[in-house]
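Text of the file my_file.txt, holding compact mmCIF, C-alpha atoms (C1' of nucleotides):
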```txt
# COMPACT_ATOMS: atom_id res chain seq x y z
CA MET A 1 -2.55 -20.14 -2.72
CA ARG A 2 -4.36 -16.85 -2.83
CA ARG A 3 -2.85 -13.76 -1.31
CA VAL A 4 -2.51 -13.90 2.45
CA ARG A 5 -5.42 -12.19 4.15
CA LEU A 6 -4.97 -9.95 7.15
CA ASP A 7 -8.54 -8.80 7.59
CA ASP A 8 -8.93 -10.77 10.80
CA ALA A 9 -5.72 -9.62 12.40
CA ASN A 10 -6.07 -7.95 15.76
CA CYS A 11 -3.62 -5.26 14.70
CA PRO A 12 -5.39 -2.29 13.16
CA VAL A 13 -2.39 -1.56 10.97
CA ALA A 14 -2.64 -5.01 9.41
CA ARG A 15 -6.36 -4.69 8.76
CA THR A 16 -5.91 -1.29 7.21
CA LEU A 17 -3.18 -2.49 4.91
CA ASP A 18 -5.37 -5.42 3.96
CA GLU A 19 -8.08 -3.04 2.85
CA ILE A 20 -6.16 -0.19 1.24
CA GLY A 21 -2.56 -1.36 1.17
CA ASP A 22 -2.01 -1.93 -2.50
CA TRP A 23 -0.23 0.13 -5.11
CA TRP A 24 -3.18 1.96 -6.56
CA THR A 25 -5.90 2.31 -3.98
CA LEU A 26 -4.50 5.26 -2.07
CA LEU A 27 -3.59 7.05 -5.28
CA ILE A 28 -7.19 6.80 -6.41
CA VAL A 29 -8.25 8.18 -3.05
CA ARG A 30 -5.70 10.96 -3.39
CA ASP A 31 -7.19 11.84 -6.77
CA ALA A 32 -10.63 11.82 -5.25
CA PHE A 33 -9.40 14.37 -2.70
CA VAL A 34 -8.18 16.57 -5.52
CA GLY A 35 -11.70 16.54 -6.90
CA ARG A 36 -11.61 13.86 -9.53
CA THR A 37 -14.79 11.83 -9.73
CA ARG A 38 -15.00 10.20 -13.16
CA PHE A 39 -13.59 6.93 -14.39
CA SER A 40 -11.77 8.65 -17.22
CA GLU A 41 -10.32 11.29 -14.94
CA PHE A 42 -8.77 8.67 -12.70
CA GLN A 43 -7.54 6.70 -15.64
CA LYS A 44 -5.91 9.61 -17.39
CA SER A 45 -4.39 10.95 -14.19
CA LEU A 46 -2.97 7.68 -12.93
CA GLY A 47 -2.18 5.97 -16.19
CA LEU A 48 -3.24 2.57 -14.95
CA ALA A 49 -4.98 -0.08 -17.02
CA LYS A 50 -8.74 0.32 -17.23
CA ASN A 51 -9.46 -3.18 -16.03
CA ILE A 52 -7.58 -2.70 -12.84
CA LEU A 53 -9.06 0.74 -12.29
CA ALA A 54 -12.51 -0.79 -12.67
CA GLU A 55 -11.64 -3.50 -10.16
CA ARG A 56 -10.21 -1.03 -7.65
CA LEU A 57 -13.21 1.27 -7.89
CA LYS A 58 -15.49 -1.70 -7.27
CA MET A 59 -13.46 -2.65 -4.22
CA LEU A 60 -13.44 0.91 -2.91
CA VAL A 61 -17.20 1.13 -3.31
CA ALA A 62 -17.69 -2.28 -1.70
CA ASN A 63 -15.55 -1.19 1.23
CA GLY A 64 -17.47 2.05 1.68
CA ILE A 65 -14.59 4.36 0.87
CA LEU A 66 -16.07 5.66 -2.36
CA GLU A 67 -19.70 6.01 -3.27
CA LYS A 68 -20.94 5.61 -6.83
CA ARG A 69 -23.70 7.98 -7.70
CA PRO A 70 -25.35 9.51 -10.76
CA ALA A 71 -23.63 12.49 -12.30
CA SER A 72 -24.38 15.77 -10.58
CA ASP A 73 -24.90 17.49 -13.95
CA GLY A 74 -27.79 15.20 -14.89
CA GLY A 75 -25.67 13.21 -17.31
CA ALA A 76 -25.97 9.47 -17.64
CA ARG A 77 -22.49 8.61 -16.42
CA SER A 78 -21.89 8.16 -12.75
CA GLU A 79 -19.37 9.68 -10.41
CA TYR A 80 -17.29 8.36 -7.57
CA HIS A 81 -17.30 10.41 -4.40
CA LEU A 82 -15.52 9.98 -1.11
CA THR A 83 -17.60 8.84 1.84
CA ASP A 84 -16.87 9.94 5.39
CA LYS A 85 -14.81 6.79 5.81
CA GLY A 86 -12.88 7.73 2.70
CA ARG A 87 -12.34 11.31 3.80
CA ASP A 88 -10.93 9.99 7.05
CA LEU A 89 -8.02 8.63 5.02
CA ARG A 90 -6.66 12.16 4.71
CA LEU A 91 -4.37 11.77 7.71
CA ILE A 92 -2.82 8.70 6.12
CA LEU A 93 -2.25 10.62 2.91
CA ILE A 94 -0.71 13.53 4.78
CA ALA A 95 1.56 11.19 6.71
CA LEU A 96 2.69 9.50 3.50
CA ARG A 97 3.22 12.89 1.90
CA GLN A 98 5.29 14.35 4.71
CA TRP A 99 7.54 11.30 4.82
CA GLY A 100 8.01 11.46 1.08
CA GLU A 101 8.81 15.18 1.23
CA ASP A 102 11.43 14.51 3.87
CA HIS A 103 13.12 11.47 2.43
CA LEU A 104 12.35 11.05 -1.25
CA PHE A 105 13.04 14.44 -2.78
CA GLU A 106 16.29 16.14 -3.51
CA ASP A 107 16.64 19.86 -2.96
CA GLY A 108 15.35 21.78 -5.92
CA GLU A 109 13.08 19.03 -7.23
CA ASP A 110 9.58 20.04 -8.13
CA MET A 111 6.88 18.67 -5.91
CA THR A 112 3.27 19.35 -5.16
CA VAL A 113 2.49 20.85 -1.79
CA ILE A 114 -0.59 21.16 0.37
CA ARG A 115 -2.08 24.44 1.42
CA ASP A 116 -4.95 25.44 3.67
CA PRO A 117 -7.81 27.70 2.49
CA ALA A 118 -5.66 30.75 3.28
CA SER A 119 -2.93 29.33 1.02
CA GLN A 120 -0.72 28.72 4.00
CA PRO A 121 1.24 25.52 4.62
CA ILE A 122 -0.28 23.01 6.97
CA ALA A 123 1.33 21.87 10.18
CA ARG A 124 3.40 18.74 10.46
CA LEU A 125 1.67 15.78 12.01
CA ARG A 126 3.01 15.13 15.45
CA LEU A 127 2.93 12.27 17.86
CA ALA A 128 1.79 13.43 21.27
CA ASN A 129 0.60 11.96 24.52
CA ALA A 130 -2.79 12.66 26.01
CA VAL A 131 -1.61 15.98 27.41
CA GLY A 132 -0.22 17.09 24.08
CA GLU A 133 3.47 16.63 24.84
CA GLU A 134 5.50 15.43 21.88
CA LEU A 135 6.57 11.79 21.88
CA GLY A 136 9.76 10.50 20.32
CA PRO A 137 10.18 7.34 18.25
CA GLU A 138 11.02 5.29 21.32
CA ASP A 139 8.05 6.47 23.33
CA ILE A 140 5.43 4.17 21.90
CA ARG A 141 4.64 0.66 23.00
CA VAL A 142 2.19 -1.80 21.55
CA VAL A 143 -0.05 -3.59 24.01
CA GLN A 144 -2.07 -6.68 23.25
CA GLY A 145 -5.64 -7.65 23.73
CA HIS A 146 -7.77 -4.62 24.26
CA LYS A 147 -11.40 -4.62 23.30
CA LYS A 148 -12.68 -1.81 21.20
CA ARG A 149 -14.94 0.33 23.32
CA HIS A 150 -18.36 1.42 22.28
CA ALA A 151 -18.31 4.81 20.58
CA LYS A 152 -20.33 7.31 22.55
CA ALA A 153 -23.16 9.37 21.17
CA GLY A 154 -22.50 8.60 17.56
CA ARG A 155 -19.00 9.94 17.68
CA VAL A 156 -15.99 7.90 16.91
CA GLU A 157 -13.97 6.75 19.86
CA SER A 158 -10.91 8.84 20.43
CA THR A 159 -7.59 7.38 21.43
CA LEU A 160 -7.09 10.67 23.23
CA ALA A 161 -8.07 9.28 26.60
CA MET B 1 5.25 -4.79 -18.89
CA ARG B 2 6.67 -4.44 -15.43
CA ARG B 3 4.81 -2.68 -12.69
CA VAL B 4 4.24 0.99 -13.26
CA ARG B 5 6.91 3.06 -11.54
CA LEU B 6 6.04 6.19 -9.61
CA ASP B 7 9.44 7.02 -8.21
CA ASP B 8 9.78 10.04 -10.43
CA ALA B 9 6.34 11.47 -9.74
CA ASN B 10 6.28 14.97 -8.37
CA CYS B 11 3.68 13.95 -5.82
CA PRO B 12 5.30 12.86 -2.56
CA VAL B 13 2.42 10.49 -1.88
CA ALA B 14 3.11 8.65 -5.12
CA ARG B 15 6.83 8.36 -4.44
CA THR B 16 6.21 7.11 -0.94
CA LEU B 17 3.78 4.46 -2.12
CA ASP B 18 6.28 3.44 -4.75
CA GLU B 19 8.86 2.79 -2.06
CA ILE B 20 6.84 1.30 0.77
CA GLY B 21 3.36 0.82 -0.65
CA ASP B 22 3.13 -2.93 -0.89
CA TRP B 23 1.42 -5.49 1.26
CA TRP B 24 4.31 -6.49 3.46
CA THR B 25 6.78 -3.68 3.76
CA LEU B 26 4.97 -1.63 6.37
CA LEU B 27 4.16 -4.70 8.40
CA ILE B 28 7.84 -5.55 8.56
CA VAL B 29 8.51 -1.99 9.68
CA ARG B 30 5.75 -2.29 12.27
CA ASP B 31 7.43 -5.43 13.60
CA ALA B 32 10.73 -3.61 13.71
CA PHE B 33 9.07 -0.96 15.87
CA VAL B 34 7.90 -3.64 18.24
CA GLY B 35 11.50 -4.70 18.64
CA ARG B 36 11.85 -7.59 16.24
CA THR B 37 15.21 -7.70 14.51
CA ARG B 38 15.83 -11.24 13.24
CA PHE B 39 14.79 -12.88 10.02
CA SER B 40 13.05 -15.68 11.85
CA GLU B 41 11.20 -13.29 14.14
CA PHE B 42 9.73 -11.46 11.20
CA GLN B 43 8.91 -14.67 9.43
CA LYS B 44 7.15 -16.25 12.39
CA SER B 45 5.28 -13.09 13.25
CA LEU B 46 4.06 -12.27 9.77
CA GLY B 47 3.65 -15.74 8.33
CA LEU B 48 4.90 -14.74 4.92
CA ALA B 49 7.03 -16.88 2.64
CA LYS B 50 10.72 -16.73 3.37
CA ASN B 51 11.69 -15.82 -0.14
CA ILE B 52 9.54 -12.76 -0.19
CA LEU B 53 10.67 -11.77 3.30
CA ALA B 54 14.25 -12.01 2.10
CA GLU B 55 13.44 -9.87 -0.91
CA ARG B 56 11.61 -7.26 1.14
CA LEU B 57 14.40 -7.03 3.69
CA LYS B 58 16.88 -6.50 0.88
CA MET B 59 14.71 -3.74 -0.53
CA LEU B 60 14.27 -2.10 2.87
CA VAL B 61 18.02 -2.14 3.43
CA ALA B 62 18.68 -0.84 -0.08
CA ASN B 63 16.24 1.99 0.53
CA GLY B 64 17.84 2.91 3.84
CA ILE B 65 14.84 2.08 6.00
CA LEU B 66 16.44 -0.87 7.74
CA GLU B 67 20.08 -1.45 8.45
CA LYS B 68 21.63 -4.91 8.52
CA ARG B 69 24.24 -5.33 11.17
CA PRO B 70 25.97 -8.08 13.13
CA ALA B 71 24.12 -9.47 16.09
CA SER B 72 24.48 -7.41 19.24
CA ASP B 73 25.11 -10.55 21.32
CA GLY B 74 28.21 -11.46 19.35
CA GLY B 75 26.45 -14.25 17.47
CA ALA B 76 27.10 -14.90 13.81
CA ARG B 77 23.63 -14.02 12.56
CA SER B 78 22.78 -10.47 11.71
CA GLU B 79 19.99 -8.22 12.80
CA TYR B 80 17.82 -5.69 11.05
CA HIS B 81 17.40 -2.35 12.76
CA LEU B 82 15.42 0.74 11.84
CA THR B 83 17.35 3.72 10.58
CA ASP B 84 16.24 7.28 11.26
CA LYS B 85 14.45 7.23 7.95
CA GLY B 86 12.68 4.06 9.02
CA ARG B 87 11.75 5.46 12.41
CA ASP B 88 10.21 8.43 10.66
CA LEU B 89 7.61 6.04 9.29
CA ARG B 90 5.96 5.95 12.70
CA LEU B 91 3.47 8.66 11.84
CA ILE B 92 2.34 6.67 8.83
CA LEU B 93 1.87 3.61 11.01
CA ILE B 94 -0.08 5.60 13.57
CA ALA B 95 -2.28 7.10 10.88
CA LEU B 96 -2.99 3.64 9.44
CA ARG B 97 -3.68 2.34 12.91
CA GLN B 98 -6.10 5.06 13.92
CA TRP B 99 -8.07 4.70 10.70
CA GLY B 100 -8.26 0.95 11.21
CA GLU B 101 -9.39 1.37 14.80
CA ASP B 102 -12.15 3.69 13.68
CA HIS B 103 -13.42 1.84 10.65
CA LEU B 104 -12.33 -1.78 10.67
CA PHE B 105 -13.18 -3.05 14.13
CA GLU B 106 -16.52 -3.90 15.63
CA ASP B 107 -17.24 -3.05 19.23
CA GLY B 108 -15.87 -5.68 21.52
CA GLU B 109 -13.28 -7.04 19.12
CA ASP B 110 -9.82 -7.51 20.49
CA MET B 111 -7.21 -5.21 19.14
CA THR B 112 -3.74 -4.07 20.03
CA VAL B 113 -3.37 -0.51 21.24
CA ILE B 114 -0.52 1.92 21.59
CA ARG B 115 0.58 3.42 24.86
CA ASP B 116 3.16 6.00 25.84
CA PRO B 117 5.88 5.30 28.44
CA ALA B 118 3.41 6.16 31.22
CA SER B 119 1.03 3.54 29.81
CA GLN B 120 -1.37 6.24 28.72
CA PRO B 121 -3.07 6.37 25.33
CA ILE B 122 -1.54 8.60 22.72
CA ALA B 123 -3.30 11.54 21.15
CA ARG B 124 -5.08 11.35 17.84
CA LEU B 125 -3.25 12.76 14.89
CA ARG B 126 -4.78 15.98 13.78
CA LEU B 127 -4.65 18.10 10.71
CA ALA B 128 -3.90 21.69 11.62
CA ASN B 129 -2.85 24.90 9.94
CA ALA B 130 0.33 26.75 10.75
CA VAL B 131 -1.28 28.34 13.81
CA GLY B 132 -2.47 25.02 15.14
CA GLU B 133 -6.15 25.38 14.29
CA GLU B 134 -7.81 22.15 13.23
CA LEU B 135 -8.54 21.73 9.54
CA GLY B 136 -11.47 19.79 8.15
CA PRO B 137 -11.43 17.40 5.20
CA GLU B 138 -12.32 20.18 2.79
CA ASP B 139 -9.65 22.54 4.01
CA ILE B 140 -6.72 21.14 2.08
CA ARG B 141 -5.70 21.97 -1.45
CA VAL B 142 -2.94 20.53 -3.55
CA VAL B 143 -0.76 23.02 -5.39
CA GLN B 144 1.60 22.14 -8.21
CA GLY B 145 5.18 22.89 -8.93
CA HIS B 146 6.99 23.85 -5.78
CA LYS B 147 10.68 23.21 -5.36
CA LYS B 148 11.86 21.48 -2.27
CA ARG B 149 13.73 23.98 -0.13
CA HIS B 150 17.10 23.35 1.37
CA ALA B 151 16.85 21.97 4.90
CA LYS B 152 18.49 24.31 7.38
CA ALA B 153 21.22 23.41 9.83
CA GLY B 154 20.92 19.67 9.39
CA ARG B 155 17.31 19.64 10.45
CA VAL B 156 14.55 18.41 8.25
CA GLU B 157 12.45 21.05 6.57
CA SER B 158 9.16 21.58 8.28
CA THR B 159 5.96 22.21 6.40
CA LEU B 160 5.00 24.26 9.43
CA ALA B 161 5.92 27.57 7.83
C1' DA C 1 -31.96 12.11 -37.42
C1' DT C 2 -27.42 10.45 -38.20
C1' DC C 3 -22.60 9.83 -37.83
C1' DG C 4 -18.54 9.77 -35.27
C1' DA C 5 -16.32 10.05 -31.10
C1' DA C 6 -15.91 9.49 -26.25
C1' DA C 7 -17.23 7.28 -21.73
C1' DG C 8 -17.20 3.40 -19.12
C1' DG C 9 -16.31 -0.54 -18.88
C1' DT C 10 -15.28 -6.16 -20.02
C1' DT C 11 -12.50 -9.81 -22.21
C1' DT C 12 -8.37 -11.88 -23.73
C1' DC C 13 -3.91 -13.06 -23.25
C1' DG C 14 0.91 -12.50 -21.99
C1' DT C 15 4.10 -11.16 -18.09
C1' DT C 16 5.24 -10.41 -13.41
C1' DA C 17 4.71 -11.20 -8.46
C1' DT C 18 3.31 -14.24 -4.53
C1' DT C 19 3.16 -18.35 -2.50
C1' DA C 20 4.23 -22.96 -0.35
C1' DA C 21 7.38 -26.33 -0.21
C1' DA C 22 11.72 -28.42 -0.86
C1' DC C 23 16.35 -27.77 -0.43
C1' DC C 24 20.86 -26.01 1.21
C1' DT C 25 24.73 -24.45 4.24
C1' DA C 26 26.46 -22.48 8.45
C1' DT C 27 25.72 -22.18 13.16
C1' DT C 28 23.95 -23.38 17.69
C1' DT C 29 22.19 -26.41 21.08
C1' DA C 30 21.55 -30.85 23.40
C1' DT D 1 28.78 -35.33 17.91
C1' DA D 2 24.20 -35.39 16.38
C1' DA D 3 20.24 -32.89 15.77
C1' DA D 4 17.96 -28.83 15.38
C1' DT D 5 17.73 -23.96 14.18
C1' DA D 6 18.85 -19.67 11.49
C1' DG D 7 18.93 -17.68 7.34
C1' DG D 8 18.39 -18.01 3.36
C1' DT D 9 17.88 -19.86 -2.23
C1' DT D 10 15.45 -22.59 -5.77
C1' DT D 11 11.48 -24.58 -7.95
C1' DA D 12 7.00 -24.84 -9.62
C1' DA D 13 2.21 -23.50 -9.27
C1' DT D 14 -1.19 -19.89 -8.87
C1' DA D 15 -2.83 -15.26 -8.58
C1' DA D 16 -2.46 -10.44 -9.74
C1' DC D 17 -1.15 -6.98 -13.09
C1' DG D 18 -0.74 -4.86 -17.64
C1' DA D 19 -1.66 -3.58 -22.55
C1' DA D 20 -4.54 -3.93 -26.13
C1' DA D 21 -8.73 -5.18 -28.35
C1' DC D 22 -13.43 -5.13 -28.05
C1' DC D 23 -18.18 -3.78 -26.76
C1' DT D 24 -22.24 -0.98 -25.65
C1' DT D 25 -24.24 3.30 -24.33
C1' DT D 26 -24.21 8.14 -24.50
C1' DC D 27 -22.88 12.62 -26.18
C1' DG D 28 -21.83 16.24 -29.63
C1' DA D 29 -21.83 17.95 -34.04
C1' DT D 30 -23.89 18.14 -38.43
```

Would you kindly transcribe this structure into structure tokens?
Amino acid sequence: MRRVRLDDANCPVARTLDEIGDWWTLLIVRDAFVGRTRFSEFQKSLGLAKNILAERLKMLVANGILEKRPASDGGARSEYHLTDKGRDLRLILIALRQWGEDHLFEDGEDMTVIRDPASQPIARLRLANAVGEELGPEDIRVVQGHKKRHAKAGRVESTLA
Amino acid sequence: MRRVRLDDANCPVARTLDEIGDWWTLLIVRDAFVGRTRFSEFQKSLGLAKNILAERLKMLVANGILEKRPASDGGARSEYHLTDKGRDLRLILIALRQWGEDHLFEDGEDMTVIRDPASQPIARLRLANAVGEELGPEDIRVVQGHKKRHAKAGRVESTLA
DNA sequence: ATCGAAAGGTTTCGTTATTAAACCTATTTA
DNA sequence: TAAATAGGTTTAATAACGAAACCTTTCGAT
């Protein structure tokens, strides 16, 4: 009767949720983006039980989202750093953030915001077609049964035609 | 000892995950995007237990993501439809999808893809600054303590300056 | 060098959440 | 009119989560 597994689904959304779709995982990744690397930093920041933090970190390392490596300052404790795969989660975090900003905050409430290196706001994510024209909510259709194409020259395949 | 609540966090990512960050919720929303509206359609498609589907649908309706309304064909059963708030989740679904496509599928595996009304692929989501220049993974910083501004003229506030 | 504290976990145990399956009632369909 | 389907609710078992206690290694101060 274990939890239903979606890791063999042919829907990428389902597979992604299977790997990172629990309460804590993306918050740990968010903290990693903010520069936290140590067990105790995550634990203090998130306030979650140490046993479940330990389990999540193991899972994140096993899935190649975080990398466990010796402390950069020569200390004995190790640090958790984002891999490229983990850094690629930033668009998911931004999408979650923008939706939350829009729908989960009242006017006047304090919230954290994201800035670029020039301290300017970042652009909203937008859904566009191959030519860059904005698509509305009704303009997307899901089609079955495509095979993932080989990524060329070491670069990740782009859905942009 | 109930689950830790994040609905009062000042991080929009945390609040969003608190509301939709469980295993099933986003998959139900994904199904709603594909046009499914009935209890039995969701249940057959997702293969989850009926009691937890019922609970999730209640939560989605309570949170204003789905709307329960009488069947459009005059039948006695009701249908679940996305609200505007629910439709705004599309960028999150696309972000999850693109990450899954990149990192969770081997070459040659079957997967569903998304097309626009002209049957063309959609563009990748991209992280850009206010001027539209692409930002890398290191180019985002989180800043504390901003107050949500009042949305002008009925439109949602844009983080695009 | 030694003592105490902190880091980084693991173990234990109680509570909550998920799950499959059985059950139920109101509607359709044959 | 009978049977099947829709749309749930209830029950009981299992799995995941949570807090606290515990443990070992390392670090900092004396």

Notebook entry, point to check: Which chain C residues are at most 7 Å from chain A (counting only C-alpha atoms (C1' of nucleotides)), as a list in words?
Noted result: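 Applying the cut-off to the listed atoms yields DG8, DT18 and DT19 of chain C.
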
Notebook entry, point to check: How far is it from CA of Ala128 in chain A to CA of Trp99 in chain A, in Å with one decimal?
Noted result: 17.6 Å

Checklist line | DA21 in chain D environment, 12 Å, only C-alpha atoms (C1' of nucleotides), sequence neighbours closer than 3 positions dropped, as JSON, numbers by chain | finding: {"C": [10, 11, 12, 13]}

Notebook entry, point to check: Taking all atoms listed in the file into account, which residues of chain D are within 9 Å of chain A, as a count of residues only?
Noted result: 7

Next item on the list: Compile the residues of chain B that lie within 6 Å of chain A, evaluated using only C-alpha atoms, and express the compilation as a ChimeraX atom specification.
Entry: /B:10-13,16,21-23,92,95-97,100-101,107-117,121-124,128-130,139-150,159-160

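Nearest to DA20 in chain C of all the residues D:DT11, D:DT24, D:DT5, D:DT30 is D:DT11, based on all atoms listed in the file.
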